[in-house]
Each structure stands twice: as structure tokens, then as C-alpha cells.
$ cat start.txt   # compact mmCIF, C-alpha atoms
# COMPACT_ATOMS: atom_id res chain seq x y z
CA ASP A 72 0.00 0.00 0.00
CA SER A 73 1.02 3.67 -0.28
CA VAL A 74 1.99 3.95 3.41
CA ARG A 75 4.33 0.97 3.15
CA VAL A 76 5.82 2.26 -0.10
CA LYS A 77 6.60 5.66 1.44
CA SER A 78 8.32 4.03 4.42
CA ILE A 79 10.86 2.10 2.31
CA ASP A 80 14.49 2.64 3.29
CA LEU A 81 15.82 3.08 -0.25
CA LYS A 82 19.50 2.91 0.75
CA ALA A 83 18.99 -0.40 2.55
CA LEU A 84 16.87 -1.70 -0.33
CA TYR A 85 19.57 -0.73 -2.82
CA ALA A 86 22.24 -2.56 -0.81
CA PHE A 87 20.04 -5.66 -0.65
CA ALA A 88 19.20 -5.53 -4.38
CA GLU A 89 22.88 -5.07 -5.23
CA ALA A 90 23.85 -8.10 -3.12
CA HIS A 91 21.36 -10.23 -5.05
CA THR A 92 21.92 -8.65 -8.50
CA LEU A 93 18.34 -7.37 -8.57
CA ARG A 94 18.81 -3.61 -8.90
CA GLY A 95 17.33 -3.45 -12.39
CA ILE A 96 14.10 -5.28 -11.65
CA THR A 97 13.75 -3.46 -8.31
CA ALA A 98 14.00 -0.15 -10.18
CA PHE A 99 11.17 -1.25 -12.47
CA ALA A 100 9.06 -2.18 -9.43
CA LEU A 101 9.73 1.13 -7.68
CA GLU A 102 8.87 3.11 -10.80
CA HIS A 103 5.63 1.16 -11.10
CA ALA A 104 4.86 2.24 -7.53
CA GLY A 105 5.61 5.86 -8.39
CA ILE A 106 9.06 6.02 -6.78
CA HIS A 107 11.95 7.41 -8.83
CA ASP A 108 15.26 7.06 -7.05
CA ARG A 109 18.44 8.27 -8.73
CA ALA A 110 20.61 5.33 -7.67
CA PHE A 111 18.07 2.77 -8.87
CA THR A 112 17.43 4.67 -12.12
CA GLU A 113 21.16 4.72 -12.86
CA ALA A 114 21.47 1.02 -12.00
CA LYS A 115 18.58 0.22 -14.33
CA GLY A 116 20.25 2.16 -17.14
CA LEU A 117 23.54 0.35 -16.57
CA ALA A 118 21.75 -3.02 -16.51
CA ILE A 119 20.09 -2.30 -19.85
CA ARG A 120 23.38 -1.07 -21.30
CA LYS A 121 25.19 -4.22 -20.17
CA VAL A 122 22.54 -6.54 -21.61
CA ILE A 123 22.82 -4.77 -24.96
CA ILE A 124 26.63 -4.88 -25.00
CA LEU A 125 26.77 -8.54 -23.97
CA SER A 126 24.19 -9.45 -26.61
CA MET A 127 26.16 -7.64 -29.33
CA GLU A 128 29.43 -9.27 -28.29
CA ARG A 129 27.75 -12.68 -28.06
CA GLU A 130 26.57 -12.36 -31.66
CA LYS A 131 30.11 -11.52 -32.77
CA VAL A 132 31.50 -14.53 -30.90
CA ILE A 133 28.81 -16.85 -32.28
CA ASN A 134 29.44 -15.65 -35.83
CA GLU A 135 33.11 -16.52 -35.46
CA LEU A 136 32.31 -19.93 -33.93
CA GLU A 137 30.09 -20.62 -36.92
CA LYS A 138 32.86 -19.64 -39.35
CA ALA A 139 35.31 -21.90 -37.51
CA LYS A 140 32.78 -24.80 -37.46
CA ILE A 141 32.86 -25.07 -33.66
CA TRP A 142 29.68 -26.30 -31.97
CA TYR A 143 28.33 -24.17 -29.12
CA MET A 144 25.33 -23.53 -26.86
CA PRO A 145 24.52 -20.26 -24.98
CA LEU A 146 23.76 -20.89 -21.31
CA LYS A 147 21.88 -19.54 -18.30
CA GLY A 148 21.31 -15.78 -18.15
CA SER A 149 21.81 -15.17 -21.86
CA ILE A 150 18.68 -17.28 -22.42
CA LEU A 151 16.73 -16.45 -19.25
CA LYS A 152 16.87 -12.68 -19.80
CA ASP A 153 14.49 -13.05 -22.74
CA TYR A 154 11.79 -14.55 -20.51
CA TYR A 155 11.57 -11.47 -18.28
CA PRO A 156 8.96 -8.81 -19.18
CA ALA A 157 11.45 -6.03 -19.99
CA LEU A 158 15.07 -5.54 -21.05
CA GLY A 159 17.32 -5.00 -18.03
CA MET A 160 15.13 -6.81 -15.51
CA ARG A 161 17.37 -9.88 -15.54
CA GLU A 162 20.94 -8.77 -14.82
CA SER A 163 23.96 -10.92 -15.67
CA ALA A 164 27.56 -10.68 -14.55
CA ASP A 165 28.82 -12.49 -17.64
CA CYS A 166 27.92 -14.41 -20.77
CA ASP A 167 28.24 -18.21 -20.56
CA ILE A 168 28.64 -20.42 -23.62
CA LEU A 169 29.22 -24.17 -23.75
CA ILE A 170 31.75 -25.05 -26.48
CA ASP A 171 33.34 -28.07 -28.09
CA PRO A 172 36.07 -28.83 -25.52
CA LEU A 173 38.33 -30.18 -28.25
CA ARG A 174 38.37 -26.75 -29.91
CA ALA A 175 39.19 -24.65 -26.83
CA ASP A 176 42.50 -23.46 -28.33
CA ASP A 177 40.69 -22.29 -31.46
CA VAL A 178 38.12 -20.50 -29.32
CA LYS A 179 40.94 -18.72 -27.48
CA ALA A 180 42.35 -17.51 -30.79
CA ILE A 181 38.91 -16.26 -31.82
CA MET A 182 38.38 -14.38 -28.55
CA LYS A 183 41.78 -12.71 -28.81
CA THR A 184 41.05 -11.68 -32.40
CA LEU A 185 37.79 -10.11 -31.19
CA GLY A 186 39.70 -8.01 -28.64
CA PHE A 187 39.18 -10.11 -25.51
CA LYS A 188 41.87 -10.49 -22.86
CA VAL A 189 42.49 -14.05 -21.66
CA GLU A 190 41.83 -14.06 -17.90
CA ASP A 191 42.03 -17.84 -17.34
CA PHE A 192 42.69 -20.63 -19.81
CA GLY A 193 43.04 -24.37 -19.32
CA MET A 194 43.16 -24.19 -15.54
CA PHE A 195 39.48 -24.87 -14.89
CA ASP A 196 36.47 -26.39 -16.65
CA HIS A 197 35.73 -22.99 -18.19
CA ASP A 198 37.95 -20.38 -19.77
CA VAL A 199 37.46 -16.73 -18.84
CA TYR A 200 37.77 -13.74 -21.19
CA PHE A 201 37.19 -10.02 -20.69
CA LYS A 202 36.71 -7.10 -23.06
CA PRO A 203 36.16 -3.57 -21.78
CA PRO A 204 33.93 -2.08 -20.66
CA VAL A 205 31.74 -4.92 -19.30
CA SER A 206 32.04 -8.05 -21.45
CA ASN A 207 32.91 -11.01 -19.22
CA PHE A 208 32.69 -14.28 -21.13
CA GLU A 209 32.99 -17.79 -19.72
CA MET A 210 33.49 -20.48 -22.34
CA HIS A 211 32.58 -23.78 -20.71
CA ARG A 212 34.18 -27.08 -21.62
CA LYS A 213 31.76 -28.91 -19.31
CA LEU A 214 28.40 -28.13 -17.74
CA ILE A 215 29.24 -29.73 -14.40
CA GLY A 216 32.95 -30.11 -13.81
CA ASP A 217 32.92 -30.74 -10.08
CA SER A 218 33.09 -34.46 -9.27
CA LYS A 219 32.10 -33.70 -5.64
CA HIS A 220 28.53 -33.65 -6.98
CA GLU A 221 28.79 -37.23 -8.21
CA LYS A 222 25.27 -37.68 -9.59
CA LEU A 223 25.29 -34.37 -11.44
CA TYR A 224 28.81 -34.99 -12.73
CA SER A 225 27.76 -38.36 -14.09
CA TYR A 226 24.46 -37.03 -15.46
CA TYR A 227 26.19 -34.31 -17.50
CA TYR A 228 29.31 -36.28 -18.41
CA ASP A 229 28.11 -36.66 -22.03
CA THR A 230 26.29 -33.36 -22.39
CA LYS A 231 26.42 -33.28 -26.19
CA SER A 232 24.05 -36.25 -26.43
CA ARG A 233 21.35 -34.22 -24.63
CA LEU A 234 21.47 -31.24 -27.00
CA ILE A 235 19.15 -30.35 -29.86
CA LYS A 236 20.46 -28.81 -33.08
CA ASP A 237 19.27 -25.25 -33.80
CA ASN A 238 17.28 -24.74 -37.00
CA ASP A 239 18.65 -21.33 -37.94
CA ASN A 240 22.42 -21.94 -37.90
CA ASN A 241 24.99 -24.65 -38.61
CA TYR A 242 26.72 -25.29 -35.29
CA GLY A 243 24.46 -23.97 -32.53
CA TYR A 244 22.58 -26.21 -30.09
CA HIS A 245 19.98 -25.79 -27.36
CA PHE A 246 18.26 -27.76 -24.62
CA SER A 247 14.67 -28.88 -24.78
CA THR A 248 12.41 -26.84 -22.49
CA GLU A 249 12.49 -29.70 -19.96
CA ASP A 250 16.25 -30.17 -20.10
CA PHE A 251 16.84 -26.43 -19.72
CA TYR A 252 14.81 -26.52 -16.51
CA VAL A 253 16.76 -29.54 -15.25
CA TYR A 254 20.02 -27.70 -15.94
CA MET A 255 18.71 -24.54 -14.22
CA THR A 256 17.92 -26.68 -11.19
CA ALA A 257 21.27 -28.49 -11.35
CA HIS A 258 23.22 -25.24 -11.55
CA GLU A 259 21.29 -23.72 -8.66
CA PHE A 260 21.66 -26.86 -6.52
CA LYS A 261 25.42 -26.95 -7.14
CA HIS A 262 25.75 -23.44 -5.74
CA TYR A 263 23.07 -23.82 -3.05
CA SER A 264 24.75 -26.91 -1.58
CA SER A 265 28.24 -25.43 -1.60
CA VAL A 266 28.54 -21.64 -1.18
CA GLY A 267 24.85 -20.72 -1.32
CA THR A 268 22.88 -18.89 -4.00
CA GLY A 269 20.78 -15.75 -3.94
CA LEU A 270 17.32 -14.45 -4.65
CA ARG A 271 17.96 -13.95 -8.37
CA SER A 272 18.15 -17.72 -8.88
CA LEU A 273 14.83 -18.14 -7.11
CA LEU A 274 13.30 -15.43 -9.29
CA ASP A 275 14.61 -17.22 -12.40
CA VAL A 276 12.73 -20.32 -11.28
CA TYR A 277 9.54 -18.33 -10.77
CA VAL A 278 9.77 -16.69 -14.21
CA TYR A 279 10.56 -19.97 -15.98
CA VAL A 280 7.89 -21.98 -14.16
CA ARG A 281 5.24 -19.34 -14.84
CA LYS A 282 6.10 -19.38 -18.52
CA PHE A 283 6.71 -23.08 -19.24
CA TYR A 284 5.79 -25.43 -16.39
CA ALA A 285 2.23 -26.19 -17.49
CA SER A 286 3.44 -27.38 -20.88
CA LEU A 287 6.40 -29.47 -19.69
CA ASP A 288 6.44 -33.26 -20.13
CA LYS A 289 6.06 -34.08 -16.44
CA ASP A 290 6.90 -37.79 -16.78
CA TYR A 291 10.14 -37.03 -18.60
CA LEU A 292 10.95 -34.23 -16.17
CA ALA A 293 10.37 -36.43 -13.11
CA ARG A 294 12.58 -39.16 -14.57
CA GLU A 295 15.44 -36.80 -15.41
CA LEU A 296 15.31 -35.02 -12.05
CA GLU A 297 15.50 -38.41 -10.35
CA ASN A 298 18.45 -39.47 -12.51
CA ALA A 299 20.25 -36.24 -11.65
CA GLY A 300 19.50 -36.56 -7.93
CA LEU A 301 17.48 -33.34 -7.90
CA THR A 302 13.93 -34.47 -7.15
CA GLU A 303 13.68 -33.28 -3.55
CA PHE A 304 15.56 -30.00 -4.10
CA GLU A 305 13.56 -29.11 -7.22
CA GLU A 306 10.21 -29.53 -5.50
CA LYS A 307 11.19 -27.51 -2.43
CA ASN A 308 12.87 -24.81 -4.50
CA ARG A 309 9.95 -24.51 -6.93
CA MET A 310 7.35 -24.36 -4.17
CA LEU A 311 9.35 -21.70 -2.32
CA ALA A 312 9.69 -19.60 -5.49
CA MET A 313 5.99 -19.78 -6.33
CA ARG A 314 4.78 -19.07 -2.80
CA LEU A 315 7.25 -16.26 -2.19
CA PHE A 316 6.63 -14.31 -5.38
CA ASP A 317 2.90 -15.01 -5.38
CA VAL A 318 2.92 -13.56 -1.83
CA GLN A 319 1.66 -16.67 -0.07
CA GLU A 320 2.44 -17.68 3.50
CA LEU A 321 5.56 -19.82 3.89
CA ASN A 322 5.86 -22.79 6.21
CA GLU A 323 8.75 -23.12 8.66
CA GLU A 324 10.94 -25.20 6.33
CA GLU A 325 10.43 -22.71 3.51
CA ARG A 326 11.28 -19.77 5.77
CA GLU A 327 14.49 -21.51 6.81
CA MET A 328 15.41 -22.14 3.17
CA LEU A 329 14.62 -18.53 2.28
CA ASN A 330 16.76 -17.19 5.13
CA TYR A 331 19.69 -19.24 3.84
CA ILE A 332 19.17 -17.82 0.34
CA LEU A 333 18.82 -14.26 1.62
CA SER A 334 22.06 -14.57 3.57
CA SER A 335 23.93 -15.95 0.56
CA GLY A 336 23.86 -13.08 -1.92
CA THR A 337 24.08 -13.81 -5.64
CA TYR A 338 27.29 -15.81 -5.50
CA GLY A 339 27.17 -17.35 -2.05
CA THR A 340 29.38 -16.69 0.96
CA LEU A 341 32.63 -18.01 2.33
CA GLU A 342 30.93 -18.87 5.62
CA HIS A 343 28.38 -21.07 3.87
CA GLU A 344 31.12 -22.75 1.86
CA VAL A 345 33.08 -23.69 4.97
CA GLN A 346 30.00 -24.78 6.91
CA ASN A 347 28.66 -26.91 4.06
CA THR A 348 32.04 -28.52 3.41
CA MET A 349 32.60 -29.43 7.05
CA ARG A 350 29.04 -30.71 7.43
CA LYS A 351 29.31 -32.99 4.39
CA ASN A 352 32.75 -34.25 5.40
CA PRO A 353 33.10 -34.17 9.20
CA GLN A 354 36.74 -33.38 9.89
CA SER A 355 39.04 -31.50 12.22
CA LYS A 356 40.08 -27.94 11.49
CA LEU A 357 43.59 -29.12 10.58
CA GLN A 358 42.17 -31.74 8.21
CA TYR A 359 40.06 -29.07 6.55
CA ILE A 360 43.08 -26.79 6.01
CA LEU A 361 45.16 -29.65 4.59
CA SER A 362 42.30 -30.68 2.29
CA ARG A 363 42.28 -27.16 0.82
CA ILE A 364 45.98 -27.50 -0.04
CA PHE A 365 46.19 -31.16 -1.10
CA LEU A 366 43.27 -31.94 -3.41
CA PRO A 367 42.11 -35.49 -4.18
CA MET A 368 43.01 -36.60 -7.70
CA SER A 369 39.36 -36.57 -8.82
CA GLU A 370 39.19 -32.83 -8.08
CA VAL A 371 42.54 -32.19 -9.72
CA LYS A 372 41.27 -33.78 -12.93
CA ASP A 373 38.15 -31.60 -12.96
CA LYS A 374 39.43 -28.32 -11.54
CA TYR A 375 42.97 -28.28 -12.88
CA PRO A 376 43.02 -29.95 -16.32
CA PHE A 377 46.39 -28.31 -17.05
CA PHE A 378 48.08 -30.10 -14.13
CA TRP A 379 46.18 -33.29 -14.94
CA THR A 380 47.41 -33.21 -18.54
CA HIS A 381 50.98 -32.39 -17.47
CA LYS A 382 51.22 -34.91 -14.62
CA TYR A 383 54.90 -34.25 -14.04
CA LEU A 384 53.83 -30.89 -12.60
CA LEU A 385 51.41 -32.40 -10.04
CA PRO A 386 53.91 -32.10 -7.13
CA LEU A 387 53.82 -28.33 -7.72
CA LEU A 388 50.04 -28.04 -7.43
CA PRO A 389 50.02 -27.67 -3.60
CA VAL A 390 52.64 -24.91 -3.99
CA HIS A 391 50.47 -23.26 -6.65
CA ARG A 392 47.45 -23.36 -4.32
CA VAL A 393 49.43 -21.90 -1.40
CA ILE A 394 50.75 -19.06 -3.60
CA LYS A 395 47.22 -18.44 -4.85
CA ALA A 396 45.99 -18.34 -1.25
CA VAL A 397 48.70 -15.82 -0.31
CA ARG A 398 47.79 -13.61 -3.26
CA LYS A 399 44.18 -13.68 -2.09
CA SER A 400 45.25 -13.00 1.47
CA LYS A 401 42.03 -11.26 2.54
CA ARG A 402 39.91 -14.22 1.45
CA THR A 403 42.37 -16.73 2.94
CA ILE A 404 42.40 -14.96 6.32
CA ALA A 405 38.60 -14.75 6.28
CA GLU A 406 38.35 -18.47 5.48
CA LEU A 407 40.76 -19.39 8.28
CA ARG A 408 38.77 -17.28 10.75
CA THR A 409 35.56 -19.00 9.65
CA VAL A 410 37.14 -22.43 10.07
CA MET A 411 38.35 -21.60 13.57
CA LYS A 412 34.82 -20.54 14.57
CA GLN A 413 33.37 -23.93 13.66
$ encode --input "start.txt" --output "C-alpha cells"
Amino acid sequence: DSVRVKSIDLKALYAFAEAHTLRGITAFALEHAGIHDRAFTEAKGLAIRKVIILSMEREKVINELEKAKIWYMPLKGSILKDYYPALGMRESADCDILIDPLRADDVKAIMKTLGFKVEDFGMFDHDVYFKPPVSNFEMHRKLIGDSKHEKLYSYYYDTKSRLIKDNDNNYGYHFSTEDFYVYMTAHEFKHYSSVGTGLRSLLDVYVYVRKFYASLDKDYLARELENAGLTEFEEKNRMLAMRLFDVQELNEEEREMLNYILSSGTYGTLEHEVQNTMRKNPQSKLQYILSRIFLPMSEVKDKYPFFWTHKYLLPLLPVHRVIKAVRKSKRTIAELRTVMKQ
């Protein structure tokens, strides 16, 4: 109502929206309620600008992938943004594209030709590129590269076999509507169960379910969610999204889940990461610290393909991780403090 609208603490709301990457859509909502705040208006403008720039750069990248005969599939936000009512409502930090992992070197050459700087290459399951002013691109070799999520890792091991060829190009692919929803759920669960995930992910679910859920093949969906180990999480997550954004009363379990999401921010928190890790694998504080330095071989294979390919360098990986931790001293100190509190 108008009284509640007038009593909004806009600075606090802005900080909350920023933490969950929801400034754009919040600006739309405020304007609809007759509130025009400079900070939100500017954030909305920047969100629209970024969507336009990322879309233009994505088209350039895709054109070059087509010329080079490299198969690809745009992921996540680059698809979801089109399901929101207006441009700029769905903000994205980057543009994600799944590529033929065998052509990663060719993709790197393409990105450099297009003016992108190589931020990370060959060290993880996705390569990172940046082009000023705002074009962050992640070119994924795998959908799920973390073997700690065994069912998901196995489910997406042969991703290509699940893809559908586009009709309007030569090398582009897409998911079926059902498989896109399964992947949305898988991606959210991966973050939720490790570092946490924010309100934007829940809003994505609400938007997608409102648009497509009634027409989905429920038998196929149930079977695939079961195969991926996502049945319980999907149901709870979907029900929370629908009840929250349809302004229905939440039960105690849903409130607890929502509080966890609200405290996570868009990309999760270090505290949640430590807590979730120690809960899944009960261990002493010293064991936790050592496990962060000396990774099991299954994680090395997934997270550090460069070291896995050049096995003679494996003895140097712990040194590499220690140096990396020192360079990120603020995060390392914060993680150690969190561990000691457990």
C-alpha cells in the first residue's frame, strides 16, 4: 500500500538488491509504484546497457564460432533474460557459452582476435575472457565439472548427447524446455549446496515456471530429475519460489530455506562454503586446512586440467594453491577465521 511504499528505506533496499543482482528489476518495481530514485534509475540504465553490450558481443562470438565450425550452446542468463517482461530486468555478470572442448584453443584464438583479454585458460572447466567495458565471457568445456557432486557430474558427463540442433544456424545447439529446466535446477543446486545462492536464482525459477511449467512433459521431467538426484531439491525450490513471489504464507521449512538464500547473496558466501564442506565431510580444522591445499586426484582432474594433462607438474600443485591463497590474502584470512569458529 502507499503507506508501506513511502516508508521504504531506499538505501537499505539498494544494498540488498545489489547483493542479489536485482537492482534493475527493483528499479522497475519502484517506478511502477511511483518512486523514482536516482541510484536505482542509474542502476537500471547500466543493466540495460550491459545486456545490450553482452548481446552484441555474443553475436560476434557466435558468428566466429560458426565460421570456424565449432559447436556451441549459450547458457543460463543469456537465455533467461528473454523470458523477463522487460530488457534489463534480468541482470547478468557475464555471458556463458558451452563449447566443443576439443576446440578450446581455437576458441581462445577467436576471442583474442575479437579483442578479448584471456583471464584464465586451461586451468578450470571454463575459460574466462574479458573485453572492456563490461564483457565477461565464460566459455565452458563442461556443464558440471565438479566431481564432488557425483550424480550431477555423471548425469552431465556426455552433455552433447542431450542437446538439440538449432534450426537457424549450422553449429548452434539448445536444450529442450524440460532439459533447460533440469540444468537450471542443477546449476542452482550446485551453488546452493556449496557456497549458497541468492534471490535472483529463485526469481529465475519463478519466471521460468510461470512461462513453461504447465506445458512441460512431467513424466520425462520427473525421470530426469530423479536421474540427476534433484527431485527433492527441485520440489522444495519450486514451491518456495511460487509461494514467495505469489505472496503466499511460507511454512517453517520454507522460511528456513529462504533465510539461507537471503544470507547468501548472488554468488554465495565463504561462511556457507566452509560450513557446508565441514558438514558434508566431518573433519578436524587441521584436516580441513590440509584438504584445501592437497586436493584429491578426482578434483585435480576436474578443476585443474592443465596439471592433470601435465602430470609431471602435479607435485607443484600444492605450492600453486598456497601461492594463490597468499595472493588472495584477505579471502584466505577470512576463510581461516571462519574455520576456527566452527
$ closest_residue --input "start.txt" --among "A:Lys382, A:Lys374, A:Lys82, A:His91" --to "A:Phe192" --atoms "only C-alpha atoms"
A:Lys374
$ atom_distance --input "start.txt" --atom1 "atom CA of A:Ile170" --atom2 "atom CA of A:Ser286"
29.0 Å
$ atom_distance --input "start.txt" --atom1 "atom CA of A:Thr112" --atom2 "atom CA of A:Leu273"
23.5 Å
$ closest_residue --input "start.txt" --among "A:Glu89, A:Asp288, A:Glu325, A:Asp80" --to "A:Ser247" --atoms "only C-alpha atoms"
A:Asp288
$ closest_residue --input "start.txt" --among "A:Leu296, A:Ile394, A:Ile133, A:Met313" --to "A:Tyr277" --atoms "all atoms listed in the file"
A:Met313
$ residues_near_point --input "start.txt" --point "(16.0, -8.4, -21.8)" --cutoff "9 Å" --atoms "all atoms listed in the file" --output "ChimeraX atom specification"
/A:119,122-123,149,151-162
$ closest_residue --input "start.txt" --among "A:Met310, A:Leu146, A:Val132, A:Ile141" --to "A:Asp250" --atoms "all atoms listed in the file"
A:Leu146
$ build_atoms --input "start.txt" --residues "stretch 79-105 of chain A" --atoms "N, CA, C and O atoms" --output "PDB file, keeping the file's coordinate frame"
ATOM      1  N   ILE A  79       9.728   2.908   2.755  1.00  0.00           N
ATOM      2  CA  ILE A  79      10.860   2.100   2.310  1.00  0.00           C
ATOM      3  C   ILE A  79      12.174   2.837   2.546  1.00  0.00           C
ATOM      4  O   ILE A  79      12.314   4.019   2.212  1.00  0.00           O
ATOM      5  N   ASP A  80      13.134   2.131   3.145  1.00  0.00           N
ATOM      6  CA  ASP A  80      14.490   2.640   3.290  1.00  0.00           C
ATOM      7  C   ASP A  80      15.219   2.338   1.981  1.00  0.00           C
ATOM      8  O   ASP A  80      15.705   1.224   1.763  1.00  0.00           O
ATOM      9  N   LEU A  81      15.301   3.322   1.095  1.00  0.00           N
ATOM     10  CA  LEU A  81      15.820   3.080  -0.250  1.00  0.00           C
ATOM     11  C   LEU A  81      17.304   2.712  -0.257  1.00  0.00           C
ATOM     12  O   LEU A  81      17.747   1.926  -1.097  1.00  0.00           O
ATOM     13  N   LYS A  82      18.072   3.246   0.685  1.00  0.00           N
ATOM     14  CA  LYS A  82      19.500   2.910   0.750  1.00  0.00           C
ATOM     15  C   LYS A  82      19.688   1.445   1.135  1.00  0.00           C
ATOM     16  O   LYS A  82      20.509   0.728   0.554  1.00  0.00           O
ATOM     17  N   ALA A  83      18.908   1.002   2.122  1.00  0.00           N
ATOM     18  CA  ALA A  83      18.990  -0.400   2.550  1.00  0.00           C
ATOM     19  C   ALA A  83      18.481  -1.319   1.438  1.00  0.00           C
ATOM     20  O   ALA A  83      19.046  -2.386   1.191  1.00  0.00           O
ATOM     21  N   LEU A  84      17.420  -0.908   0.769  1.00  0.00           N
ATOM     22  CA  LEU A  84      16.870  -1.700  -0.330  1.00  0.00           C
ATOM     23  C   LEU A  84      17.878  -1.810  -1.467  1.00  0.00           C
ATOM     24  O   LEU A  84      18.039  -2.883  -2.059  1.00  0.00           O
ATOM     25  N   TYR A  85      18.571  -0.719  -1.751  1.00  0.00           N
ATOM     26  CA  TYR A  85      19.570  -0.730  -2.820  1.00  0.00           C
ATOM     27  C   TYR A  85      20.702  -1.709  -2.485  1.00  0.00           C
ATOM     28  O   TYR A  85      21.145  -2.488  -3.336  1.00  0.00           O
ATOM     29  N   ALA A  86      21.165  -1.667  -1.239  1.00  0.00           N
ATOM     30  CA  ALA A  86      22.240  -2.560  -0.810  1.00  0.00           C
ATOM     31  C   ALA A  86      21.809  -4.025  -0.935  1.00  0.00           C
ATOM     32  O   ALA A  86      22.579  -4.886  -1.385  1.00  0.00           O
ATOM     33  N   PHE A  87      20.570  -4.299  -0.549  1.00  0.00           N
ATOM     34  CA  PHE A  87      20.040  -5.660  -0.650  1.00  0.00           C
ATOM     35  C   PHE A  87      19.931  -6.081  -2.108  1.00  0.00           C
ATOM     36  O   PHE A  87      20.343  -7.186  -2.486  1.00  0.00           O
ATOM     37  N   ALA A  88      19.369  -5.216  -2.952  1.00  0.00           N
ATOM     38  CA  ALA A  88      19.200  -5.530  -4.380  1.00  0.00           C
ATOM     39  C   ALA A  88      20.553  -5.730  -5.050  1.00  0.00           C
ATOM     40  O   ALA A  88      20.705  -6.618  -5.901  1.00  0.00           O
ATOM     41  N   GLU A  89      21.535  -4.933  -4.656  1.00  0.00           N
ATOM     42  CA  GLU A  89      22.880  -5.070  -5.230  1.00  0.00           C
ATOM     43  C   GLU A  89      23.487  -6.415  -4.840  1.00  0.00           C
ATOM     44  O   GLU A  89      24.110  -7.088  -5.676  1.00  0.00           O
ATOM     45  N   ALA A  90      23.294  -6.829  -3.589  1.00  0.00           N
ATOM     46  CA  ALA A  90      23.850  -8.100  -3.120  1.00  0.00           C
ATOM     47  C   ALA A  90      23.257  -9.294  -3.852  1.00  0.00           C
ATOM     48  O   ALA A  90      23.898 -10.344  -3.972  1.00  0.00           O
ATOM     49  N   HIS A  91      22.034  -9.133  -4.359  1.00  0.00           N
ATOM     50  CA  HIS A  91      21.360 -10.230  -5.050  1.00  0.00           C
ATOM     51  C   HIS A  91      21.220  -9.986  -6.556  1.00  0.00           C
ATOM     52  O   HIS A  91      20.498 -10.706  -7.244  1.00  0.00           O
ATOM     53  N   THR A  92      21.940  -8.992  -7.075  1.00  0.00           N
ATOM     54  CA  THR A  92      21.920  -8.650  -8.500  1.00  0.00           C
ATOM     55  C   THR A  92      20.486  -8.447  -8.984  1.00  0.00           C
ATOM     56  O   THR A  92      20.055  -9.021  -9.991  1.00  0.00           O
ATOM     57  N   LEU A  93      19.744  -7.626  -8.255  1.00  0.00           N
ATOM     58  CA  LEU A  93      18.340  -7.370  -8.570  1.00  0.00           C
ATOM     59  C   LEU A  93      18.028  -5.869  -8.647  1.00  0.00           C
ATOM     60  O   LEU A  93      16.880  -5.462  -8.507  1.00  0.00           O
ATOM     61  N   ARG A  94      19.049  -5.051  -8.878  1.00  0.00           N
ATOM     62  CA  ARG A  94      18.810  -3.610  -8.900  1.00  0.00           C
ATOM     63  C   ARG A  94      17.913  -3.202 -10.065  1.00  0.00           C
ATOM     64  O   ARG A  94      17.041  -2.344  -9.915  1.00  0.00           O
ATOM     65  N   GLY A  95      18.118  -3.800 -11.221  1.00  0.00           N
ATOM     66  CA  GLY A  95      17.330  -3.450 -12.390  1.00  0.00           C
ATOM     67  C   GLY A  95      15.849  -3.704 -12.202  1.00  0.00           C
ATOM     68  O   GLY A  95      15.008  -2.820 -12.381  1.00  0.00           O
ATOM     69  N   ILE A  96      15.516  -4.919 -11.802  1.00  0.00           N
ATOM     70  CA  ILE A  96      14.100  -5.280 -11.650  1.00  0.00           C
ATOM     71  C   ILE A  96      13.477  -4.537 -10.471  1.00  0.00           C
ATOM     72  O   ILE A  96      12.278  -4.199 -10.499  1.00  0.00           O
ATOM     73  N   THR A  97      14.267  -4.244  -9.441  1.00  0.00           N
ATOM     74  CA  THR A  97      13.750  -3.460  -8.310  1.00  0.00           C
ATOM     75  C   THR A  97      13.436  -2.037  -8.761  1.00  0.00           C
ATOM     76  O   THR A  97      12.429  -1.450  -8.337  1.00  0.00           O
ATOM     77  N   ALA A  98      14.271  -1.490  -9.644  1.00  0.00           N
ATOM     78  CA  ALA A  98      14.000  -0.150 -10.180  1.00  0.00           C
ATOM     79  C   ALA A  98      12.691  -0.126 -10.942  1.00  0.00           C
ATOM     80  O   ALA A  98      11.895   0.815 -10.805  1.00  0.00           O
ATOM     81  N   PHE A  99      12.436  -1.154 -11.737  1.00  0.00           N
ATOM     82  CA  PHE A  99      11.170  -1.250 -12.470  1.00  0.00           C
ATOM     83  C   PHE A  99       9.991  -1.263 -11.495  1.00  0.00           C
ATOM     84  O   PHE A  99       8.979  -0.596 -11.711  1.00  0.00           O
ATOM     85  N   ALA A 100      10.135  -2.051 -10.418  1.00  0.00           N
ATOM     86  CA  ALA A 100       9.060  -2.180  -9.430  1.00  0.00           C
ATOM     87  C   ALA A 100       8.804  -0.844  -8.729  1.00  0.00           C
ATOM     88  O   ALA A 100       7.649  -0.449  -8.517  1.00  0.00           O
ATOM     89  N   LEU A 101       9.881  -0.162  -8.354  1.00  0.00           N
ATOM     90  CA  LEU A 101       9.730   1.130  -7.680  1.00  0.00           C
ATOM     91  C   LEU A 101       9.065   2.150  -8.592  1.00  0.00           C
ATOM     92  O   LEU A 101       8.183   2.913  -8.156  1.00  0.00           O
ATOM     93  N   GLU A 102       9.467   2.174  -9.852  1.00  0.00           N
ATOM     94  CA  GLU A 102       8.870   3.110 -10.800  1.00  0.00           C
ATOM     95  C   GLU A 102       7.384   2.826 -10.983  1.00  0.00           C
ATOM     96  O   GLU A 102       6.572   3.747 -11.097  1.00  0.00           O
ATOM     97  N   HIS A 103       7.041   1.539 -10.983  1.00  0.00           N
ATOM     98  CA  HIS A 103       5.630   1.160 -11.100  1.00  0.00           C
ATOM     99  C   HIS A 103       4.830   1.659  -9.904  1.00  0.00           C
ATOM    100  O   HIS A 103       3.637   1.976 -10.015  1.00  0.00           O
ATOM    101  N   ALA A 104       5.520   1.752  -8.749  1.00  0.00           N
ATOM    102  CA  ALA A 104       4.860   2.240  -7.530  1.00  0.00           C
ATOM    103  C   ALA A 104       4.958   3.765  -7.397  1.00  0.00           C
ATOM    104  O   ALA A 104       4.545   4.338  -6.378  1.00  0.00           O
ATOM    105  N   GLY A 105       5.521   4.407  -8.406  1.00  0.00           N
ATOM    106  CA  GLY A 105       5.610   5.860  -8.390  1.00  0.00           C
ATOM    107  C   GLY A 105       6.827   6.416  -7.709  1.00  0.00           C
ATOM    108  O   GLY A 105       6.890   7.618  -7.404  1.00  0.00           O
TER     109      GLY A 105
END
